[in-house]
Structure formats: C-alpha cells, structure tokens
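A.B. asks: run17.cif (mmCIF, C-alpha atoms) pasted underneath:
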data_my_file
#
loop_
_atom_site.label_atom_id
_atom_site.label_comp_id
_atom_site.auth_asym_id
_atom_site.auth_seq_id
_atom_site.Cartn_x
_atom_site.Cartn_y
_atom_site.Cartn_z
CA MET A 1 30.12 28.58 -84.42
CA GLU A 2 27.65 29.66 -87.16
CA THR A 3 24.91 30.03 -84.55
CA LEU A 4 27.06 32.38 -82.49
CA VAL A 5 28.00 34.50 -85.54
CA SER A 6 24.34 34.80 -86.66
CA ALA A 7 23.17 35.58 -83.10
CA VAL A 8 25.71 38.43 -82.74
CA ALA A 9 24.91 39.65 -86.28
CA ALA A 10 21.16 39.68 -85.53
CA THR A 11 21.74 41.49 -82.22
CA LEU A 12 23.92 44.19 -83.82
CA THR A 13 21.60 44.81 -86.80
CA THR A 14 18.73 45.15 -84.31
CA VAL A 15 20.25 47.34 -81.57
CA ALA A 16 21.92 49.52 -84.23
CA PHE A 17 18.68 51.47 -84.60
CA VAL A 18 18.58 52.48 -80.92
CA PRO A 19 21.32 55.17 -81.27
CA GLN A 20 19.50 56.56 -84.35
CA ALA A 21 16.23 56.83 -82.45
CA ILE A 22 18.02 58.48 -79.50
CA HIS A 23 19.88 60.83 -81.89
CA ILE A 24 16.53 62.02 -83.30
CA ILE A 25 14.88 62.34 -79.86
CA ARG A 26 17.85 64.43 -78.60
CA PHE A 27 18.23 66.77 -81.58
CA LYS A 28 14.59 66.72 -82.80
CA GLU A 29 16.04 66.81 -86.32
CA THR A 30 15.32 64.39 -89.17
CA ARG A 31 16.02 66.35 -92.37
CA ALA A 32 18.84 64.01 -93.49
CA ILE A 33 16.79 60.89 -92.73
CA SER A 34 15.21 59.31 -95.83
CA LEU A 35 11.57 58.47 -95.18
CA GLN A 36 11.64 56.22 -98.25
CA MET A 37 14.47 54.19 -96.75
CA TYR A 38 12.63 53.56 -93.49
CA VAL A 39 9.32 52.71 -95.18
CA VAL A 40 11.01 50.19 -97.50
CA PHE A 41 13.18 48.89 -94.66
CA ALA A 42 10.22 48.52 -92.25
CA THR A 43 8.30 46.62 -94.95
CA GLY A 44 11.25 44.28 -95.38
CA VAL A 45 11.58 43.78 -91.62
CA ALA A 46 7.84 43.07 -91.37
CA LEU A 47 8.33 40.36 -94.01
CA TRP A 48 11.29 38.92 -92.05
CA LEU A 49 8.98 38.84 -89.02
CA THR A 50 6.34 37.04 -91.10
CA PHE A 51 9.03 34.59 -92.27
CA GLY A 52 10.06 33.98 -88.65
CA VAL A 53 6.42 33.20 -87.73
CA MET A 54 6.08 30.89 -90.77
CA ILE A 55 9.05 28.78 -89.68
CA TRP A 56 8.37 29.47 -85.96
CA ASN A 57 11.92 30.70 -85.30
CA TRP A 58 12.13 32.73 -82.07
CA PRO A 59 15.44 34.56 -82.76
CA ILE A 60 14.18 35.77 -86.17
CA MET A 61 10.79 36.76 -84.71
CA THR A 62 12.31 38.59 -81.72
CA ALA A 63 15.06 40.46 -83.61
CA ASN A 64 12.70 41.64 -86.34
CA ALA A 65 9.87 42.58 -83.96
CA ILE A 66 12.29 44.89 -82.07
CA THR A 67 13.73 46.30 -85.31
CA LEU A 68 10.22 46.92 -86.64
CA VAL A 69 9.24 48.89 -83.52
CA LEU A 70 12.44 50.98 -83.80
CA ALA A 71 11.95 51.60 -87.55
CA LEU A 72 8.31 52.64 -87.03
CA THR A 73 9.39 54.97 -84.20
CA ILE A 74 11.89 56.64 -86.55
CA ILE A 75 9.22 56.94 -89.28
CA ARG A 76 6.83 58.58 -86.78
CA MET A 77 9.48 61.10 -85.72
CA LYS A 78 10.40 61.79 -89.36
CA LEU A 79 6.71 62.56 -90.07
CA ARG A 80 6.58 64.82 -86.99
CA TYR A 81 9.83 66.76 -87.49
CA GLY A 82 9.85 66.74 -91.32
CA MET B 1 6.25 30.12 -99.88
CA GLU B 2 8.80 30.81 -97.06
CA THR B 3 11.56 31.14 -99.65
CA LEU B 4 9.64 33.79 -101.53
CA VAL B 5 8.87 35.76 -98.35
CA SER B 6 12.52 35.68 -97.22
CA ALA B 7 13.77 36.60 -100.71
CA VAL B 8 11.48 39.66 -100.87
CA ALA B 9 12.37 40.58 -97.25
CA ALA B 10 16.11 40.34 -98.01
CA THR B 11 15.70 42.42 -101.17
CA LEU B 12 13.74 45.17 -99.39
CA THR B 13 16.08 45.39 -96.38
CA THR B 14 18.98 45.66 -98.85
CA VAL B 15 17.67 48.15 -101.41
CA ALA B 16 16.18 50.28 -98.60
CA PHE B 17 19.59 51.93 -98.10
CA VAL B 18 19.77 53.18 -101.69
CA PRO B 19 17.26 56.05 -101.14
CA GLN B 20 19.16 57.06 -97.98
CA ALA B 21 22.46 57.20 -99.86
CA ILE B 22 20.83 59.19 -102.68
CA HIS B 23 19.17 61.52 -100.13
CA ILE B 24 22.59 62.33 -98.64
CA ILE B 25 24.27 62.76 -102.05
CA ARG B 26 21.49 65.17 -103.17
CA PHE B 27 21.28 67.30 -100.03
CA LYS B 28 24.92 66.87 -98.82
CA GLU B 29 23.47 66.85 -95.30
CA THR B 30 23.97 64.17 -92.63
CA ARG B 31 23.41 65.94 -89.30
CA ALA B 32 20.43 63.76 -88.34
CA ILE B 33 22.21 60.54 -89.32
CA SER B 34 23.64 58.61 -86.35
CA LEU B 35 27.21 57.53 -87.07
CA GLN B 36 26.95 55.08 -84.17
CA MET B 37 23.94 53.40 -85.81
CA TYR B 38 25.74 52.86 -89.10
CA VAL B 39 28.97 51.62 -87.49
CA VAL B 40 27.06 49.08 -85.35
CA PHE B 41 24.81 48.17 -88.29
CA ALA B 42 27.74 47.74 -90.71
CA THR B 43 29.49 45.49 -88.16
CA GLY B 44 26.34 43.36 -87.89
CA VAL B 45 25.99 43.18 -91.67
CA ALA B 46 29.66 42.17 -91.98
CA LEU B 47 28.92 39.34 -89.55
CA TRP B 48 25.87 38.29 -91.59
CA LEU B 49 28.17 38.23 -94.64
CA THR B 50 30.64 36.08 -92.68
CA PHE B 51 27.75 33.78 -91.70
CA GLY B 52 26.69 33.53 -95.34
CA VAL B 53 30.24 32.51 -96.32
CA MET B 54 30.39 29.96 -93.46
CA ILE B 55 27.27 28.21 -94.68
CA TRP B 56 28.00 29.08 -98.34
CA ASN B 57 24.58 30.66 -98.91
CA TRP B 58 24.55 32.92 -101.98
CA PRO B 59 21.40 34.96 -101.15
CA ILE B 60 22.74 35.82 -97.67
CA MET B 61 26.20 36.63 -99.07
CA THR B 62 24.85 38.78 -101.91
CA ALA B 63 22.26 40.74 -99.88
CA ASN B 64 24.70 41.53 -97.09
CA ALA B 65 27.61 42.40 -99.40
CA ILE B 66 25.40 45.02 -101.11
CA THR B 67 24.06 46.32 -97.78
CA LEU B 68 27.62 46.56 -96.42
CA VAL B 69 28.77 48.65 -99.39
CA LEU B 70 25.75 50.98 -98.94
CA ALA B 71 26.27 51.28 -95.18
CA LEU B 72 30.00 52.05 -95.63
CA THR B 73 29.13 54.66 -98.26
CA ILE B 74 26.76 56.35 -95.81
CA ILE B 75 29.43 56.24 -93.09
CA ARG B 76 31.95 57.86 -95.45
CA MET B 77 29.53 60.65 -96.31
CA LYS B 78 28.66 61.16 -92.65
CA LEU B 79 32.40 61.56 -91.89
CA ARG B 80 32.72 64.01 -94.79
CA TYR B 81 29.64 66.17 -94.13
CA GLY B 82 29.60 65.89 -90.33
#
If you took the structure in this file and wrote it as structure tokens, what would it be?
C.D. replies:
Amino acid sequence: METLVSAVAATLTTVAFVPQAIHIIRFKETRAISLQMYVVFATGVALWLTFGVMIWNWPIMTANAITLVLALTIIRMKLRYG
Amino acid sequence: METLVSAVAATLTTVAFVPQAIHIIRFKETRAISLQMYVVFATGVALWLTFGVMIWNWPIMTANAITLVLALTIIRMKLRYG
C-alpha cells in the first residue's frame, strides 16, 4: 500500500508543473512567478535526482529528472518574460 | 552521505515555496500562477505526508506538512487575487 501511495504522490508532484508551464506559454506572463522559488526548488530537485542515482532508485530518478526539466523550463521563461 | 543529500534536498524543495508566498503577499498579484498546478501539487504533497505517517518517518512528515501549508496558502491567495 505504501508503494502505491508514494508512486501516486511522486506522479502528482511531478506532473503538477505541466499546467504551470502551459499557463506561462499561453499567457506569456510570469510577473507573479518567484524566480527565487524556482531556483531553490530546482536545486533541491537536482539533489533528489542525485540521491536517486546514489541509491540507484528508478522512480526517484525518473520523477525528479522530469520535474527538473519542467522547473528549468519555467526558469527560462521567467528570465525571458520578466 | 545519502542521508545528507536527501535532507538538504527535502529542505530546499520545502523552503522554496516561502519566496513564492512572500512574492504574492508583497505584490498582491497571482495572474501568472497556475491554480491547477498548486491543487495537483498540494494533493501530491498531502499523499507524501500520508506516506510519511504510514512509515512513521519524521523528516518526510515534517517537510511535507510545511510544504502543504505553504501550497495551501498560495492557493488561498490565488483564489483571493484571481
């Protein structure tokens, strides 16, 4: 049961960033987005990815690799749109 | 070493939401924030909290309880400011 709960939790906290990326692409607007948040968050996710590699855990590596790409995409758009 | 990496990762992915909450409080502006993202994310974090309780792991419980409060705060402000 724990495995199922953590798998759904990991999926949700990963795919959650897709609607934010789409929201920015659609409206080309990032004023309310905190760059600091995404830089700190992306650093944390990169460390989770490192942790996943250290213990060679595929779910942790996969979820955090996807989240990292999404977070970096949002950072790039924040830098572009201001 | 893995414990240290995961502890720092958990801390960063938790405190990351503080600058976003402050950013919204200061500028009272949430147009670029995706409500969908935060609802999906908060649900995932609530599941991580549930997982932490199931395996009685304090770091997972603590990090996700804090993140959940921050995510719900951002959702409330998004509903208020539109």
A.B. asks: Would you kindly report the residues of chain A within 6 Å of chain B, using only C-alpha atoms, as an MDAnalysis selection string?
C.D. replies: chainID A and resid 9 12:13 16:17 19:20 29:30 32 34 37 40:41 44 47:48
A.B. asks: So the first atom is CA of Met77 in chain B and the second is CA of Asn64 in chain B; what is the distance between them in Å, to one decimal place?
C.D. replies: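 Atom-to-atom, CA of Met77 in chain B to CA of Asn64 in chain B, that is 19.7 Å.
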A.B. asks: Using CA of Ile75 in chain A and CA of Ile25 in chain A as the two end points, give the distance in Å to one decimal.
C.D. replies: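 One can read the CA of Ile75 in chain A to CA of Ile25 in chain A distance as 12.2 Å.
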A.B. asks: One number please: CA of Arg76 in chain B to CA of Arg26 in chain B, in Å, one decimal.
C.D. replies: 14.9 Å
